[in-house]
Every structure is written in C-alpha cells, then in structure tokens.
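**Q** Next up is a structure, given as structure tokens.
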Amino acid sequence: MTVNVIGCSFDRNANIDSIIQNIRGTLILRRTIFSNNTAKYGTVSVSNGGSISFANTCFVGNGGSSGIGPSGTVVIDGNSILALNDRNYGEENTVDGSCRDIFFSSSGECEVFSGTECIETSTVMPNTIETL
C-alpha cells in the first residue's frame, strides 16, 4: 500500500508507538508539518520492509523516549529504506540518544534533515491523504 500525506499538519498528538507508523508500505510525505508531538518510537517510523520518501516536511518540538536505547525523530529499521530526504527540516526535537533527525536502528547511524529552514505555512496546501 502507498500512502501520500500532502500539506497536512500533525500538532500536539501523543501515541504509544509513532504518530505515523509505516509497516511494509510506501509512505510519501510532502509539505507536511509535525509539531509538539510525543511518541515512543519516533514521530515517524518505518519498519518491516517499508519505505519513506519525504520532501519539504518540517519536524519541530517533537519528543519521545523508547526506553530501549537510541532513537530518532524519524526511525527506519534495517529492513526498510529511505528513498528520499529532500529539504526536510528539524528543530528542537528531543529523543533518546543523539539523533534528532533520521535514525537507522540497525546500524545506529544518523542522517540529518537536508533543509535549512522550515517551510512557511503559506506554502502548505489543504490537507490531503491518499491511499493507493
């Protein structure tokens, strides 16, 4: 399954796992803002052969604590892939360990978001979520 999340805002949500949890699917995020969310395993997690492609997406003030070791704002397991990280931005995110951006759980590596500033809200289109 492919899910496109375009021009959405996720603000002040709390979840035991992740705000968006992608298991075996394809997740595409565009012009989306995640702010002030709390999730145990990262704001967005990708696992079990899933993939994520995201651009112009902003992560500000999100937090979480897995309690089992290092984590990240976006967490990708060893069976999953990061297909695109283009002009994404993170600021003031707090997580276990030192990775406040994209954390690859199998290798322990951290990849930083590629953007230098958050997209302006005026560029965010009306909420659109598509399942293909």
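In the structure tokens, the first chain shown is A, the next is B, and so on; residue numbers restart at 1 for each chain, and ligands run from 1 in the order shown.
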So which residues touch A:Cys58 within 6 Å, counting only C-alpha atoms, skipping near sequence neighbours fewer than 4 positions away, as a list in words?
**A**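 Listed by chain and then number, they are Ile33, Asn88, Tyr89, Gly90 and Cys118 of chain A.
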**Q** List the neighbours of A:Gln21 out to 12 Å using only C-alpha atoms; skip same-chain residues closer than 3 positions along the sequence, and give me the result as an mmCIF file with N, CA and C atoms, in the first residue's frame.
**A**
```
data_model
loop_
_atom_site.group_PDB
_atom_site.id
_atom_site.type_symbol
_atom_site.label_atom_id
_atom_site.label_comp_id
_atom_site.auth_asym_id
_atom_site.auth_seq_id
_atom_site.Cartn_x
_atom_site.Cartn_y
_atom_site.Cartn_z
ATOM 1 N N VAL A 3 0.793 5.364 0.795
ATOM 2 C CA VAL A 3 0.036 6.454 1.413
ATOM 3 C C VAL A 3 0.782 7.755 1.146
ATOM 4 N N ASN A 15 1.156 9.290 21.085
ATOM 5 C CA ASN A 15 0.896 7.900 20.733
ATOM 6 C C ASN A 15 1.931 7.012 21.401
ATOM 7 N N ILE A 16 1.544 5.795 21.706
ATOM 8 C CA ILE A 16 2.464 4.856 22.324
ATOM 9 C C ILE A 16 3.582 4.487 21.360
ATOM 10 N N ASP A 17 3.277 4.322 20.092
ATOM 11 C CA ASP A 17 4.294 3.927 19.116
ATOM 12 C C ASP A 17 4.830 5.141 18.373
ATOM 13 N N SER A 18 4.245 5.499 17.251
ATOM 14 C CA SER A 18 4.661 6.645 16.441
ATOM 15 C C SER A 18 3.420 7.408 15.995
ATOM 16 N N ARG A 24 5.703 -2.135 6.200
ATOM 17 C CA ARG A 24 5.686 -2.794 4.883
ATOM 18 C C ARG A 24 5.094 -1.969 3.753
ATOM 19 N N GLY A 25 4.798 -0.710 3.965
ATOM 20 C CA GLY A 25 4.186 0.094 2.914
ATOM 21 C C GLY A 25 5.146 1.131 2.361
ATOM 22 N N THR A 26 4.613 1.966 1.509
ATOM 23 C CA THR A 26 5.348 3.097 0.964
ATOM 24 C C THR A 26 4.701 4.363 1.494
ATOM 25 N N LEU A 27 5.478 5.178 2.187
ATOM 26 C CA LEU A 27 4.985 6.422 2.764
ATOM 27 C C LEU A 27 5.637 7.590 2.043
ATOM 28 N N ALA A 39 5.832 10.647 20.918
ATOM 29 C CA ALA A 39 5.671 9.256 20.504
ATOM 30 C C ALA A 39 6.858 8.447 20.999
ATOM 31 N N LYS A 40 6.610 7.238 21.393
ATOM 32 C CA LYS A 40 7.640 6.400 21.999
ATOM 33 C C LYS A 40 8.748 6.023 21.020
ATOM 34 N N TYR A 41 8.415 5.675 19.780
ATOM 35 C CA TYR A 41 9.412 5.169 18.829
ATOM 36 C C TYR A 41 9.677 6.111 17.667
ATOM 37 N N GLY A 42 9.622 7.390 17.875
ATOM 38 C CA GLY A 42 9.864 8.357 16.813
ATOM 39 C C GLY A 42 8.559 8.941 16.299
ATOM 40 N N THR A 43 8.631 10.153 15.804
ATOM 41 C CA THR A 43 7.438 10.793 15.258
ATOM 42 C C THR A 43 6.921 9.998 14.067
ATOM 43 N N VAL A 44 7.852 9.554 13.213
ATOM 44 C CA VAL A 44 7.516 8.688 12.080
ATOM 45 C C VAL A 44 8.429 7.470 12.160
ATOM 46 N N SER A 45 7.854 6.276 11.999
ATOM 47 C CA SER A 45 8.683 5.068 11.978
ATOM 48 C C SER A 45 8.351 4.242 10.735
ATOM 49 N N VAL A 46 9.404 3.595 10.211
ATOM 50 C CA VAL A 46 9.272 2.764 9.016
ATOM 51 C C VAL A 46 9.891 1.406 9.343
ATOM 52 N N SER A 47 9.128 0.330 9.131
ATOM 53 C CA SER A 47 9.634 -0.990 9.513
ATOM 54 C C SER A 47 9.136 -2.089 8.580
ATOM 55 N N ASN A 48 9.741 -3.262 8.738
ATOM 56 C CA ASN A 48 9.339 -4.492 8.050
ATOM 57 C C ASN A 48 9.291 -4.355 6.525
ATOM 58 N N GLY A 50 9.322 -1.472 4.736
ATOM 59 C CA GLY A 50 8.659 -0.265 4.248
ATOM 60 C C GLY A 50 9.652 0.710 3.638
ATOM 61 N N SER A 51 9.129 1.760 3.035
ATOM 62 C CA SER A 51 9.994 2.818 2.510
ATOM 63 C C SER A 51 9.366 4.168 2.797
ATOM 64 N N ILE A 52 10.224 5.179 2.884
ATOM 65 C CA ILE A 52 9.755 6.545 3.101
ATOM 66 C C ILE A 52 10.446 7.465 2.109
ATOM 67 N N VAL A 74 12.697 10.509 13.049
ATOM 68 C CA VAL A 74 12.238 9.518 12.070
ATOM 69 C C VAL A 74 13.091 8.274 12.302
ATOM 70 N N VAL A 75 12.472 7.112 12.468
ATOM 71 C CA VAL A 75 13.201 5.869 12.740
ATOM 72 C C VAL A 75 12.949 4.883 11.602
ATOM 73 N N ILE A 76 14.037 4.351 11.038
ATOM 74 C CA ILE A 76 13.948 3.393 9.936
ATOM 75 C C ILE A 76 14.687 2.126 10.353
ATOM 76 N N ASP A 77 13.996 0.984 10.289
ATOM 77 C CA ASP A 77 14.654 -0.259 10.694
ATOM 78 C C ASP A 77 15.519 -0.816 9.559
#
```
**Q** Please return as a list in words: the residues of stretch 83-126 of chain A that backbone DSSP assigns to strand (DSSP E).
**A**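 These are the residues in question: Ala83, Leu84, Asn85, Asp86, Tyr89, Gly90, Glu91, Ile102, Phe103, Phe104, Glu109, Cys110 and Glu111 of chain A.
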**Q** Only N, CA and C atoms, please: the residues just picked out, written as a short mmCIF file (atom, residue, chain, number, x, y, z; two decimals), in the first residue's frame.
**A**
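Generated file (selection00.cif):
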```cif
data_model
loop_
_atom_site.label_atom_id
_atom_site.label_comp_id
_atom_site.auth_asym_id
_atom_site.auth_seq_id
_atom_site.Cartn_x
_atom_site.Cartn_y
_atom_site.Cartn_z
N ALA A 83 14.01 6.42 0.75
CA ALA A 83 14.09 6.64 -0.69
C ALA A 83 14.42 8.09 -1.02
N LEU A 84 13.98 9.05 -0.18
CA LEU A 84 14.23 10.47 -0.45
C LEU A 84 14.20 11.26 0.84
N ASN A 85 15.20 12.12 1.02
CA ASN A 85 15.27 13.08 2.13
C ASN A 85 15.63 14.41 1.48
N ASP A 86 14.62 15.21 1.12
CA ASP A 86 14.86 16.41 0.35
C ASP A 86 14.25 17.65 1.02
N TYR A 89 13.26 19.62 7.44
CA TYR A 89 13.84 20.46 8.48
C TYR A 89 13.43 19.97 9.86
N GLY A 90 14.36 20.04 10.81
CA GLY A 90 14.06 19.68 12.19
C GLY A 90 14.63 20.70 13.16
N GLU A 91 13.88 20.96 14.24
CA GLU A 91 14.32 21.92 15.25
C GLU A 91 13.68 21.57 16.59
N ILE A 102 17.07 11.60 11.32
CA ILE A 102 16.68 10.29 10.80
C ILE A 102 17.62 9.23 11.38
N PHE A 103 17.06 8.29 12.13
CA PHE A 103 17.84 7.27 12.81
C PHE A 103 17.63 5.92 12.15
N PHE A 104 18.74 5.28 11.76
CA PHE A 104 18.69 3.92 11.20
C PHE A 104 18.97 2.96 12.35
N GLU A 109 23.25 4.60 12.80
CA GLU A 109 23.66 5.83 12.11
C GLU A 109 22.53 6.85 12.10
N CYS A 110 22.94 8.11 12.02
CA CYS A 110 22.00 9.22 11.99
C CYS A 110 22.24 10.04 10.73
N GLU A 111 21.19 10.31 9.99
CA GLU A 111 21.29 11.18 8.82
C GLU A 111 20.51 12.45 9.13
#
```
**Q** I'd like the interatomic distance between atom CA of A:Gly72 and atom CA of A:Phe34, to a tenth of an Å.
**A**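 Computing it gives 13.8 Å between the two atoms.
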**Q** What does the distance from atom CA of A:Thr94 to atom CA of A:Gly61 come to in Å, to one decimal?
**A**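 Computing it gives 7.2 Å between the two atoms.
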**Q** With distances taken over only C-alpha atoms, which residue among A:Met1, A:Ile28, A:Gly108, A:Phe113 lies nearest A:Ser71?
**A**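 Checking each candidate against A:Ser71, we get A:Gly108 as the closest.
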**Q** Measuring between only C-alpha atoms, which one of A:Phe59, A:Ile119, A:Arg100, A:Phe54 shows the shortest distance to A:Asn4?
**A**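 Among the listed residues, A:Phe54 lies closest to A:Asn4.
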**Q** Using Å and a single decimal, report how far atom CA of A:Ile23 sits from atom CA of A:Ser98.
**A**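 Computing it gives 24.5 Å between the two atoms.
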